[in-house]
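Source file data_39.pdb; content: PDB, C-alpha atoms and all ligand atoms.
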ATOM      1  CA  MET R   3     117.311 124.037  78.282
ATOM      2  CA  ARG R   4     114.529 126.705  78.238
ATOM      3  CA  ARG R   5     113.103 128.309  75.124
ATOM      4  CA  GLU R   6     112.955 132.107  75.069
ATOM      5  CA  ALA R   7     109.950 132.743  72.900
ATOM      6  CA  ARG R   8     107.019 130.896  71.385
ATOM      7  CA  ASN R   9     107.783 129.018  68.167
ATOM      8  CA  MET R  10     111.499 129.734  68.367
ATOM      9  CA  LEU R  11     112.847 126.423  67.135
ATOM     10  CA  THR R  12     116.645 126.400  67.086
ATOM     11  CA  SER R  13     119.485 123.944  66.651
ATOM     12  CA  LYS R  14     119.197 123.223  70.380
ATOM     13  CA  THR R  15     115.490 122.369  70.384
ATOM     14  CA  LYS R  16     114.922 118.825  71.606
ATOM     15  CA  ILE R  17     112.712 116.643  69.438
ATOM     16  CA  TYR R  18     110.032 114.254  70.675
ATOM     17  CA  GLY R  19     107.287 112.577  68.705
ATOM     18  CA  LEU R  20     104.753 109.888  67.992
ATOM     19  CA  LEU R  21     105.188 106.782  65.833
ATOM     20  CA  GLY R  22     101.972 105.161  64.659
ATOM     21  CA  TYR R  23      99.869 104.289  61.634
ATOM     22  CA  PRO R  24      97.526 105.982  61.034
ATOM     23  CA  ILE R  25      98.125 109.025  63.285
ATOM     24  CA  LYS R  26      96.553 111.981  61.506
ATOM     25  CA  HIS R  27      93.760 111.990  64.143
ATOM     26  CA  SER R  28      96.200 112.224  67.086
ATOM     27  CA  PHE R  29      95.872 114.903  69.789
ATOM     28  CA  SER R  30      99.299 114.099  71.271
ATOM     29  CA  PRO R  31     101.192 116.931  69.476
ATOM     30  CA  LEU R  32      98.648 119.450  70.831
ATOM     31  CA  ILE R  33      98.990 118.141  74.385
ATOM     32  CA  HIS R  34     102.790 117.867  74.500
ATOM     33  CA  ASN R  35     103.560 121.099  72.664
ATOM     34  CA  ALA R  36     101.204 122.960  75.020
ATOM     35  CA  ALA R  37     103.020 121.397  77.988
ATOM     36  CA  PHE R  38     106.504 122.285  76.635
ATOM     37  CA  GLU R  39     105.318 125.825  75.967
ATOM     38  CA  ALA R  40     103.791 126.227  79.435
ATOM     39  CA  GLU R  41     106.921 124.910  81.153
ATOM     40  CA  LYS R  42     109.193 126.909  78.784
ATOM     41  CA  ILE R  43     111.018 123.751  77.788
ATOM     42  CA  ASP R  44     112.932 124.076  74.531
ATOM     43  CA  ALA R  45     111.394 121.076  72.826
ATOM     44  CA  CYS R  46     108.836 120.164  70.191
ATOM     45  CA  TYR R  47     106.649 117.126  69.532
ATOM     46  CA  LEU R  48     105.960 115.883  66.018
ATOM     47  CA  CYS R  49     103.978 113.099  64.364
ATOM     48  CA  PHE R  50     105.955 110.518  62.383
ATOM     49  CA  GLU R  51     103.492 108.390  60.449
ATOM     50  CA  THR R  52     105.258 105.025  60.382
ATOM     51  CA  LYS R  53     103.997 101.974  58.508
ATOM     52  CA  PRO R  54     104.248  98.630  60.355
ATOM     53  CA  GLU R  55     106.950  97.371  57.976
ATOM     54  CA  ASP R  56     109.123 100.454  58.704
ATOM     55  CA  ILE R  57     109.139 100.355  62.519
ATOM     56  CA  LYS R  58     112.648  98.876  62.842
ATOM     57  CA  GLN R  59     114.167 101.603  60.635
ATOM     58  CA  ALA R  60     112.098 104.254  62.432
ATOM     59  CA  ILE R  61     113.569 103.202  65.781
ATOM     60  CA  GLU R  62     117.055 103.243  64.270
ATOM     61  CA  GLY R  63     116.137 106.751  63.071
ATOM     62  CA  ILE R  64     115.473 107.843  66.667
ATOM     63  CA  ARG R  65     119.074 106.908  67.468
ATOM     64  CA  ALA R  66     120.545 108.404  64.308
ATOM     65  CA  LEU R  67     118.672 111.712  64.526
ATOM     66  CA  ASN R  68     119.203 112.211  68.260
ATOM     67  CA  ILE R  69     115.466 112.279  68.954
ATOM     68  CA  GLN R  70     114.980 112.398  72.742
ATOM     69  CA  GLY R  71     111.866 110.308  73.093
ATOM     70  CA  VAL R  72     108.729 109.083  71.373
ATOM     71  CA  ASN R  73     105.328 107.665  72.078
ATOM     72  CA  LEU R  74     104.170 104.587  70.212
ATOM     73  CA  THR R  75     100.622 103.926  69.179
ATOM     74  CA  ILE R  76      98.658 101.437  67.114
ATOM     75  CA  PRO R  77     100.159  99.123  65.705
ATOM     76  CA  HIS R  78     103.712  99.406  67.135
ATOM     77  CA  LYS R  79     103.397  98.935  70.918
ATOM     78  CA  GLU R  80     104.316  95.258  70.966
ATOM     79  CA  ILE R  81     106.650  94.819  68.004
ATOM     80  CA  CYS R  82     108.963  97.634  69.146
ATOM     81  CA  LEU R  83     110.121  95.614  72.184
ATOM     82  CA  SER R  84     112.609  93.719  70.002
ATOM     83  CA  TYR R  85     114.415  96.881  68.892
ATOM     84  CA  LEU R  86     115.056  98.627  72.227
ATOM     85  CA  ASP R  87     118.152  98.469  74.478
ATOM     86  CA  GLU R  88     116.246  98.125  77.746
ATOM     87  CA  ILE R  89     112.647  97.602  78.792
ATOM     88  CA  ASP R  90     111.359  98.939  82.092
ATOM     89  CA  LYS R  91     110.006  96.159  84.369
ATOM     90  CA  ASN R  92     106.404  97.350  84.171
ATOM     91  CA  ALA R  93     106.451  97.495  80.341
ATOM     92  CA  GLU R  94     108.095  94.082  80.160
ATOM     93  CA  PHE R  95     105.501  92.686  82.513
ATOM     94  CA  ILE R  96     102.696  94.109  80.330
ATOM     95  CA  GLY R  97     104.436  93.157  77.087
ATOM     96  CA  ALA R  98     103.898  96.538  75.433
ATOM     97  CA  VAL R  99     105.715  99.876  75.243
ATOM     98  CA  ASN R 100     104.044 103.228  74.594
ATOM     99  CA  THR R 101     106.948 105.514  75.563
ATOM    100  CA  ILE R 102     110.605 105.428  74.553
ATOM    101  CA  VAL R 103     113.085 107.520  76.523
ATOM    102  CA  ARG R 104     116.585 108.188  75.264
ATOM    103  CA  LYS R 105     119.121 108.008  78.091
ATOM    104  CA  GLU R 106     122.569 108.811  76.753
ATOM    105  CA  ASN R 107     122.776 106.421  73.807
ATOM    106  CA  LYS R 108     120.279 103.891  75.071
ATOM    107  CA  LEU R 109     116.629 103.638  74.077
ATOM    108  CA  ILE R 110     114.501 102.501  77.022
ATOM    109  CA  GLY R 111     110.898 101.369  76.717
ATOM    110  CA  TYR R 112     108.195 102.244  79.272
ATOM    111  CA  ASN R 113     104.442 101.832  79.489
ATOM    112  CA  THR R 114     102.252 104.654  80.813
ATOM    113  CA  ASP R 115      98.928 103.384  79.390
ATOM    114  CA  GLY R 116      97.997 101.225  82.381
ATOM    115  CA  GLU R 117      98.619 103.867  85.055
ATOM    116  CA  GLY R 118      97.096 106.558  82.812
ATOM    117  CA  PHE R 119      93.968 104.426  82.471
ATOM    118  CA  ILE R 120      93.692 103.806  86.234
ATOM    119  CA  LYS R 121      94.014 107.544  86.955
ATOM    120  CA  ALA R 122      91.296 108.391  84.391
ATOM    121  CA  LEU R 123      89.058 105.611  85.712
ATOM    122  CA  LYS R 124      89.210 107.162  89.170
ATOM    123  CA  GLU R 125      88.901 110.767  87.994
ATOM    124  CA  ASP R 126      86.192 110.352  85.321
ATOM    125  CA  LEU R 127      84.103 107.457  86.674
ATOM    126  CA  ASP R 128      85.097 107.438  90.355
ATOM    127  CA  PHE R 129      85.667 103.715  89.821
ATOM    128  CA  ASP R 130      87.915 101.520  91.952
ATOM    129  CA  SER R 131      88.589  98.128  90.350
ATOM    130  CA  LYS R 132      89.030  96.315  93.679
ATOM    131  CA  ASP R 133      86.722  93.257  93.843
ATOM    132  CA  LYS R 134      84.965  94.256  90.609
ATOM    133  CA  THR R 135      84.046  92.255  87.517
ATOM    134  CA  ILE R 136      85.244  93.683  84.216
ATOM    135  CA  PHE R 137      84.420  92.980  80.583
ATOM    136  CA  LEU R 138      87.420  93.951  78.449
ATOM    137  CA  PHE R 139      87.300  94.240  74.662
ATOM    138  CA  GLY R 140      90.764  94.149  73.108
ATOM    139  CA  ALA R 141      93.938  92.388  74.164
ATOM    140  CA  GLY R 142      96.313  94.417  71.991
ATOM    141  CA  GLY R 143      98.849  96.987  73.197
ATOM    142  CA  ALA R 144      96.397  99.052  75.265
ATOM    143  CA  GLY R 145      94.180  96.120  76.309
ATOM    144  CA  LYS R 146      97.148  94.288  77.821
ATOM    145  CA  ALA R 147      98.206  97.320  79.883
ATOM    146  CA  ILE R 148      94.619  97.788  81.071
ATOM    147  CA  GLY R 149      93.995  94.130  81.902
ATOM    148  CA  MET R 150      97.227  93.870  83.915
ATOM    149  CA  SER R 151      96.579  97.166  85.732
ATOM    150  CA  LEU R 152      92.991  96.247  86.646
ATOM    151  CA  ALA R 153      94.293  92.985  88.112
ATOM    152  CA  LYS R 154      97.127  94.820  89.903
ATOM    153  CA  TYR R 155      94.514  97.028  91.579
ATOM    154  CA  GLY R 156      92.490  94.058  92.789
ATOM    155  CA  ALA R 157      89.857  93.240  90.120
ATOM    156  CA  LYS R 158      87.954  90.076  91.068
ATOM    157  CA  GLN R 159      87.249  88.824  87.539
ATOM    158  CA  ILE R 160      88.168  89.937  84.014
ATOM    159  CA  PHE R 161      86.401  88.616  80.891
ATOM    160  CA  ILE R 162      88.471  89.221  77.769
ATOM    161  CA  VAL R 163      87.259  89.377  74.146
ATOM    162  CA  ASP R 164      89.485  89.835  71.123
ATOM    163  CA  LYS R 165      88.981  88.761  67.539
ATOM    164  CA  ASN R 166      92.483  87.358  67.864
ATOM    165  CA  LYS R 167      91.800  84.584  70.404
ATOM    166  CA  LYS R 168      95.502  83.876  70.855
ATOM    167  CA  LYS R 169      96.041  87.403  72.202
ATOM    168  CA  ALA R 170      93.043  87.192  74.543
ATOM    169  CA  ARG R 171      94.207  83.812  75.861
ATOM    170  CA  ALA R 172      97.773  85.071  76.365
ATOM    171  CA  LEU R 173      96.519  88.068  78.358
ATOM    172  CA  ALA R 174      94.291  85.864  80.522
ATOM    173  CA  GLU R 175      97.280  83.564  81.196
ATOM    174  CA  ASN R 176      99.552  86.495  82.044
ATOM    175  CA  ILE R 177      96.990  87.885  84.492
ATOM    176  CA  LYS R 178      96.441  84.515  86.177
ATOM    177  CA  GLU R 179     100.170  83.887  86.468
ATOM    178  CA  ASN R 180     100.936  87.267  88.045
ATOM    179  CA  PHE R 181      97.704  87.932  89.957
ATOM    180  CA  PRO R 182      96.345  84.579  91.138
ATOM    181  CA  ASN R 183      93.521  86.293  93.058
ATOM    182  CA  THR R 184      92.028  87.609  89.815
ATOM    183  CA  ILE R 185      89.986  85.230  87.661
ATOM    184  CA  ALA R 186      90.774  85.980  84.013
ATOM    185  CA  GLU R 187      89.193  84.206  81.094
ATOM    186  CA  LEU R 188      88.736  84.411  77.374
ATOM    187  CA  THR R 189      85.108  84.850  76.351
ATOM    188  CA  HIS R 190      82.968  86.062  73.431
ATOM    189  CA  SER R 191      80.822  89.153  73.003
ATOM    190  CA  HIS R 192      77.538  87.176  73.344
ATOM    191  CA  ASN R 193      78.281  85.972  76.872
ATOM    192  CA  GLN R 194      75.174  87.489  78.487
ATOM    193  CA  GLU R 195      75.921  86.167  81.967
ATOM    194  CA  ALA R 196      79.368  87.771  81.971
ATOM    195  CA  ILE R 197      77.961  91.113  80.783
ATOM    196  CA  LYS R 198      75.160  91.059  83.371
ATOM    197  CA  ALA R 199      77.706  90.396  86.152
ATOM    198  CA  SER R 200      80.083  93.192  85.072
ATOM    199  CA  HIS R 201      80.658  96.540  86.785
ATOM    200  CA  LEU R 202      82.845  97.960  84.020
ATOM    201  CA  LEU R 203      83.035  97.474  80.261
ATOM    202  CA  VAL R 204      86.204  98.711  78.538
ATOM    203  CA  ASN R 205      86.598  99.113  74.794
ATOM    204  CA  ALA R 206      90.283  98.801  73.904
ATOM    205  CA  THR R 207      89.687  98.001  70.229
ATOM    206  CA  PRO R 208      89.400 100.467  67.337
ATOM    207  CA  ILE R 209      85.682  99.578  66.935
ATOM    208  CA  GLY R 210      83.789 102.867  66.988
ATOM    209  CA  MET R 211      86.475 105.070  65.460
ATOM    210  CA  ASN R 212      84.420 104.913  62.300
ATOM    211  CA  PRO R 213      80.843 106.130  62.979
ATOM    212  CA  ASN R 214      79.538 103.331  60.717
ATOM    213  CA  ASP R 215      81.117 100.601  62.869
ATOM    214  CA  ASN R 216      78.624  98.136  64.318
ATOM    215  CA  LEU R 217      78.359  97.901  68.086
ATOM    216  CA  MET R 218      80.561  95.036  69.333
ATOM    217  CA  ILE R 219      78.032  93.954  71.947
ATOM    218  CA  ASN R 220      74.256  93.833  72.415
ATOM    219  CA  PRO R 221      73.334  96.644  74.868
ATOM    220  CA  VAL R 222      70.075  94.920  75.833
ATOM    221  CA  TYR R 223      72.003  92.993  78.508
ATOM    222  CA  PHE R 224      73.802  95.988  80.030
ATOM    223  CA  PRO R 225      73.065  95.925  83.784
ATOM    224  CA  GLN R 226      72.360  99.138  85.716
ATOM    225  CA  GLN R 227      75.641  98.871  87.652
ATOM    226  CA  LEU R 228      77.690  98.900  84.431
ATOM    227  CA  ASN R 229      80.193 101.711  83.827
ATOM    228  CA  ILE R 230      81.574 102.157  80.314
ATOM    229  CA  PHE R 231      85.084 103.312  79.413
ATOM    230  CA  ASP R 232      85.723 103.668  75.682
ATOM    231  CA  LEU R 233      89.405 104.339  74.940
ATOM    232  CA  ILE R 234      88.452 106.088  71.708
ATOM    233  CA  TYR R 235      88.408 109.893  71.984
ATOM    234  CA  ASN R 236      87.982 110.849  68.347
ATOM    235  CA  PRO R 237      85.029 110.837  67.753
ATOM    236  CA  ARG R 238      84.334 112.175  71.238
ATOM    237  CA  GLU R 239      81.188 110.114  71.531
ATOM    238  CA  THR R 240      81.135 106.657  69.946
ATOM    239  CA  LYS R 241      77.958 104.706  69.288
ATOM    240  CA  LEU R 242      78.751 102.655  72.413
ATOM    241  CA  LEU R 243      78.892 105.776  74.606
ATOM    242  CA  ARG R 244      75.752 107.265  73.076
ATOM    243  CA  ILE R 245      73.715 104.117  73.703
ATOM    244  CA  ALA R 246      75.118 103.638  77.221
ATOM    245  CA  LYS R 247      74.226 107.231  78.168
ATOM    246  CA  LYS R 248      70.707 106.777  76.756
ATOM    247  CA  LYS R 249      70.353 103.827  79.105
ATOM    248  CA  GLY R 250      71.376 106.078  82.002
ATOM    249  CA  LEU R 251      74.812 104.457  82.507
ATOM    250  CA  LYS R 252      77.989 106.294  83.444
ATOM    251  CA  ALA R 253      80.105 106.339  80.293
ATOM    252  CA  VAL R 254      83.314 108.178  79.361
ATOM    253  CA  ASN R 255      85.656 108.412  76.399
ATOM    254  CA  GLY R 256      89.453 108.033  76.292
ATOM    255  CA  LEU R 257      90.393 111.712  76.676
ATOM    256  CA  GLY R 258      91.165 111.415  80.389
ATOM    257  CA  MET R 259      93.422 108.430  79.759
ATOM    258  CA  LEU R 260      95.089 110.209  76.849
ATOM    259  CA  ILE R 261      95.975 113.148  79.089
ATOM    260  CA  HIS R 262      97.177 111.040  82.018
ATOM    261  CA  GLN R 263      99.328 108.702  79.908
ATOM    262  CA  ALA R 264     100.782 111.767  78.146
ATOM    263  CA  ALA R 265     101.516 113.442  81.496
ATOM    264  CA  LEU R 266     103.386 110.343  82.689
ATOM    265  CA  SER R 267     105.412 110.247  79.424
ATOM    266  CA  PHE R 268     106.210 113.964  79.798
ATOM    267  CA  GLU R 269     107.498 113.327  83.327
ATOM    268  CA  LEU R 270     109.706 110.447  82.118
ATOM    269  CA  TRP R 271     111.186 112.648  79.370
ATOM    270  CA  THR R 272     111.702 115.864  81.279
ATOM    271  CA  GLY R 273     111.927 114.845  84.934
ATOM    272  CA  GLU R 274     109.455 117.672  85.635
ATOM    273  CA  LYS R 275     105.882 117.571  86.902
ATOM    274  CA  ALA R 276     103.460 117.654  83.978
ATOM    275  CA  PRO R 277     101.136 120.687  83.723
ATOM    276  CA  LEU R 278      97.938 118.615  83.687
ATOM    277  CA  ALA R 279      95.566 121.590  83.528
ATOM    278  CA  VAL R 280      97.380 122.993  80.477
ATOM    279  CA  MET R 281      97.355 119.606  78.756
ATOM    280  CA  LYS R 282      93.615 119.240  79.390
ATOM    281  CA  GLU R 283      92.897 122.757  78.173
ATOM    282  CA  ALA R 284      94.793 122.116  74.918
ATOM    283  CA  VAL R 285      92.471 119.210  74.166
ATOM    284  CA  GLU R 286      89.313 121.012  75.334
ATOM    285  CA  LYS R 287      90.079 123.925  72.997
ATOM    286  CA  LYS R 288      90.386 121.532  70.079
TER     287      LYS R 288
HETATM  288  P1  LIG R 301      96.082  97.187  68.991
HETATM  289  O1  LIG R 301      97.365  96.859  69.651
HETATM  290  O2  LIG R 301      95.959  97.029  67.514
HETATM  291  O3  LIG R 301      94.938  96.320  69.713
HETATM  292  C1  LIG R 301      93.601  96.307  69.290
HETATM  293  C2  LIG R 301      93.088  94.887  69.500
HETATM  294  O4  LIG R 301      91.702  94.858  69.177
HETATM  295  C3  LIG R 301      93.785  93.882  68.579
HETATM  296  O5  LIG R 301      94.107  92.725  69.302
HETATM  297  C4  LIG R 301      92.733  93.631  67.523
HETATM  298  O6  LIG R 301      92.858  92.348  66.931
HETATM  299  C5  LIG R 301      91.469  93.738  68.343
HETATM  300  N1  LIG R 301      90.283  93.958  67.537
HETATM  301  C6  LIG R 301      90.179  94.719  66.420
HETATM  302  N2  LIG R 301      88.924  94.650  65.944
HETATM  303  C7  LIG R 301      88.231  93.816  66.781
HETATM  304  C8  LIG R 301      86.912  93.321  66.802
HETATM  305  N3  LIG R 301      86.031  93.657  65.859
HETATM  306  N4  LIG R 301      86.533  92.488  67.831
HETATM  307  C9  LIG R 301      87.423  92.130  68.769
HETATM  308  N5  LIG R 301      88.699  92.565  68.780
HETATM  309  C10 LIG R 301      89.102  93.389  67.805
HETATM  310  O7  LIG R 301      95.672  98.702  69.332
HETATM  311  P2  LIG R 301      95.878  99.505  70.708
HETATM  312  O8  LIG R 301      97.106 100.319  70.623
HETATM  313  O9  LIG R 301      95.696  98.553  71.826
HETATM  314  O10 LIG R 301      94.640 100.524  70.641
HETATM  315  C11 LIG R 301      93.307 100.073  70.734
HETATM  316  C12 LIG R 301      92.361 101.275  70.722
HETATM  317  O11 LIG R 301      92.569 102.051  71.901
HETATM  318  C13 LIG R 301      92.586 102.231  69.543
HETATM  319  O12 LIG R 301      91.335 102.757  69.174
HETATM  320  C14 LIG R 301      93.461 103.327  70.141
HETATM  321  O13 LIG R 301      93.333 104.551  69.464
HETATM  322  C15 LIG R 301      92.882 103.396  71.558
HETATM  323  N6  LIG R 301      93.856 103.909  72.551
HETATM  324  C16 LIG R 301      93.508 105.014  73.290
HETATM  325  C17 LIG R 301      94.359 105.480  74.274
HETATM  326  C18 LIG R 301      93.980 106.684  75.095
HETATM  327  O14 LIG R 301      94.854 107.240  75.761
HETATM  328  N7  LIG R 301      92.722 107.076  75.101
HETATM  329  C19 LIG R 301      95.592 104.835  74.517
HETATM  330  C20 LIG R 301      95.888 103.706  73.765
HETATM  331  C21 LIG R 301      95.014 103.241  72.769
HETATM  332  P3  LIG R 301      93.798  92.202  65.609
HETATM  333  O15 LIG R 301      95.202  92.452  66.064
HETATM  334  O16 LIG R 301      93.545  90.804  65.163
HETATM  335  O17 LIG R 301      93.320  93.255  64.644
END

Please re-express this file's structure in structure tokens.
Amino acid sequence: MRREARNMLTSKTKIYGLLGYPIKHSFSPLIHNAAFEAEKIDACYLCFETKPEDIKQAIEGIRALNIQGVNLTIPHKEICLSYLDEIDKNAEFIGAVNTIVRKENKLIGYNTDGEGFIKALKEDLDFDSKDKTIFLFGAGGAGKAIGMSLAKYGAKQIFIVDKNKKKARALAENIKENFPNTIAELTHSHNQEAIKASHLLVNATPIGMNPNDNLMINPVYFPQQLNIFDLIYNPRETKLLRIAKKKGLKAVNGLGMLIHQAALSFELWTGEKAPLAVMKEAVEKK
């Protein structure tokens, strides 16, 4: 169904959205509404701030209110698996869902974070994970998708740090079980040897969202071959990125991943090719 004119919401307008807590900082409404507008799709994308204790009712609400699809962000990507009718193989394999698609009366969970990350890694850092050593901070919803995708694309070794050791260990086990050629191990942020051997450092924790956050790692040991990918995009430049750039390292924020994972969600919802340039421009303008 196409929409005739800008901002003409009607009884036929399809509703999409984002469930997360907190989400006031999110750029997703900007990106998706720009894409719907550009493709003249009669749909709108809203933010539904949803506390962790309300996620079950929120997912029931998607069914009850005939919402067509949602994205999930911190802290709902893992817990939501229990409340869906079907989980796509890739999302099940990762153990996290960031996109729900309504198909008739079923809610199906997908994960576009991993592929979105790999696309941004190539585009923004020209980095191919094959045979590389990676230092990954965070084994939560996004960290799991990233760890599994890096292994899928041939990473040689992945060091994983998370303040929740159980999560880091579980991710390392999952990688080893599914990708026996990748060495995956739990480590700590002071492991100098691991940092010195790494080609890529990924921050998939919220550390850095607050400008007063301490750096999670001592940059003194950053080797010259190290690339840095910080998933945070607001602020645009975290302390980690600023310091890495000062040291002459290639370092990028999470905007590229945000756009690519959004484009893949858009394609799952609409069956149409996402207008990547429009989605990028919407964020650049902001
Ligand atoms: P999540 O599921 O809550 O995972 C974050 C993980 O980091 C948790 O396991 C958490 O442990 C751990 N952690 C928190 N503080 C830590 C610390 N000081 N040291 C070590 N580990 C720590 O969140 P998420 O959905 O994966 O998101 C993570 C970050 O990535 C957020 O900043 C989010 O905005 C960003 N993100 C960006 C994109 C993008 O497209 N650019 C996409 C997805 C996510 P606890 O559970 O014990 O707190």

On this structure, the PyMOL selection byres (((chain R and resi 132) around 6) and not hetatm) would catch which residues? List them as an mmCIF file with C-alpha atoms, in the coordinates of the input, sorted by chain and number.
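Saved as expr.cif:
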data_model
loop_
_atom_site.group_PDB
_atom_site.id
_atom_site.type_symbol
_atom_site.label_atom_id
_atom_site.label_comp_id
_atom_site.auth_asym_id
_atom_site.auth_seq_id
_atom_site.Cartn_x
_atom_site.Cartn_y
_atom_site.Cartn_z
ATOM 1 C CA ASP R 130 87.915 101.520 91.952
ATOM 2 C CA SER R 131 88.589 98.128 90.350
ATOM 3 C CA ASP R 133 86.722 93.257 93.843
ATOM 4 C CA LYS R 134 84.965 94.256 90.609
ATOM 5 C CA TYR R 155 94.514 97.028 91.579
ATOM 6 C CA GLY R 156 92.490 94.058 92.789
ATOM 7 C CA ALA R 157 89.857 93.240 90.120
#

Subject >> All residues 12 Å or closer to Ile33 of chain R, only C-alpha atoms, same chain fewer than 4 positions away omitted, as a ChimeraX atom specification >> reply: /R:19-20,28-29,37-40,46-48,257-258,260-265,267-268,276-288

Edge lengths and centre in Å, axis-aligned, ligand LIG 301 (chain R) plus 5 Å each side, as AutoDock Vina command-line options:
--center_x 91.7 --center_y 99.0 --center_z 70.2 --size_x 21.3 --size_y 26.4 --size_z 21.1

**OP:** Using the chain letters and numbers from the file, give me the residues hit by the PyMOL selection byres (((chain R and resi 144-153) around 7) and not hetatm), as a list in words.
**Re:** Ile96, Asp115, Gly116, Phe119, Ser131, Gly140, Ala141, Gly142, Gly143, Lys154, Tyr155, Gly156, Ala157, Leu173, Ile177, Phe181, Thr184 and Ala206 of chain R

Subject >> Given all atoms listed in the file as the counted atoms, nearest of R:Ala93, R:Ala122, R:Leu243, R:Leu202 to ligand LIG 301 (chain R) >> reply: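 Closest residue, counting all atoms listed in the file: R:Ala122.
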
Expected file for segment 215-273 of chain R keeping C-alpha atoms, as a short mmCIF file (atom, residue, chain, number, x, y, z; two decimals), in the first residue's frame:
data_model
loop_
_atom_site.label_atom_id
_atom_site.label_comp_id
_atom_site.auth_asym_id
_atom_site.auth_seq_id
_atom_site.Cartn_x
_atom_site.Cartn_y
_atom_site.Cartn_z
CA ASP R 215 32.76 6.67 31.30
CA ASN R 216 36.27 5.39 31.91
CA LEU R 217 38.05 3.68 29.03
CA MET R 218 37.58 -0.10 29.32
CA ILE R 219 41.13 -0.84 28.21
CA ASN R 220 44.60 0.70 28.47
CA PRO R 221 45.44 2.19 25.03
CA VAL R 222 49.18 2.05 25.73
CA TYR R 223 49.20 -1.52 24.37
CA PHE R 224 47.27 -0.80 21.16
CA PRO R 225 49.39 -2.14 18.27
CA GLN R 226 49.71 -0.22 14.99
CA GLN R 227 47.73 -2.86 13.08
CA LEU R 228 44.70 -2.42 15.35
CA ASN R 229 41.39 -1.25 13.86
CA ILE R 230 38.68 -0.04 16.24
CA PHE R 231 34.93 -0.48 15.78
CA ASP R 232 32.81 1.12 18.49
CA LEU R 233 29.13 0.16 18.15
CA ILE R 234 28.11 3.37 19.91
CA TYR R 235 27.02 6.14 17.53
CA ASN R 236 25.65 8.67 20.00
CA PRO R 237 27.96 10.35 20.93
CA ARG R 238 29.49 10.17 17.46
CA GLU R 239 32.98 10.02 18.87
CA THR R 240 33.53 8.13 22.13
CA LYS R 241 36.65 8.49 24.25
CA LEU R 242 37.86 5.18 22.77
CA LEU R 243 37.58 6.50 19.20
CA ARG R 244 39.19 9.83 20.07
CA ILE R 245 42.22 8.17 21.67
CA ALA R 246 42.54 5.57 18.88
CA LYS R 247 42.51 8.31 16.21
CA LYS R 248 45.13 10.29 18.14
CA LYS R 249 47.32 7.21 17.97
CA GLY R 250 46.84 7.14 14.20
CA LEU R 251 44.61 4.02 14.19
CA LYS R 252 41.64 3.45 11.90
CA ALA R 253 38.57 3.84 14.10
CA VAL R 254 34.85 4.08 13.32
CA ASN R 255 31.60 4.42 15.23
CA GLY R 256 28.41 2.33 14.95
CA LEU R 257 26.55 4.49 12.40
CA GLY R 258 27.44 2.25 9.45
CA MET R 259 26.22 -0.82 11.32
CA LEU R 260 23.07 0.99 12.40
CA ILE R 261 22.23 1.79 8.79
CA HIS R 262 23.03 -1.67 7.44
CA GLN R 263 21.11 -3.55 10.14
CA ALA R 264 18.17 -1.17 9.60
CA ALA R 265 18.30 -1.73 5.83
CA LEU R 266 18.17 -5.51 6.34
CA SER R 267 15.18 -5.13 8.73
CA PHE R 268 13.43 -2.88 6.19
CA GLU R 269 13.91 -5.54 3.50
CA LEU R 270 12.48 -8.25 5.78
CA TRP R 271 9.41 -6.10 6.53
CA THR R 272 8.67 -4.76 3.08
CA GLY R 273 10.23 -7.25 0.67
#
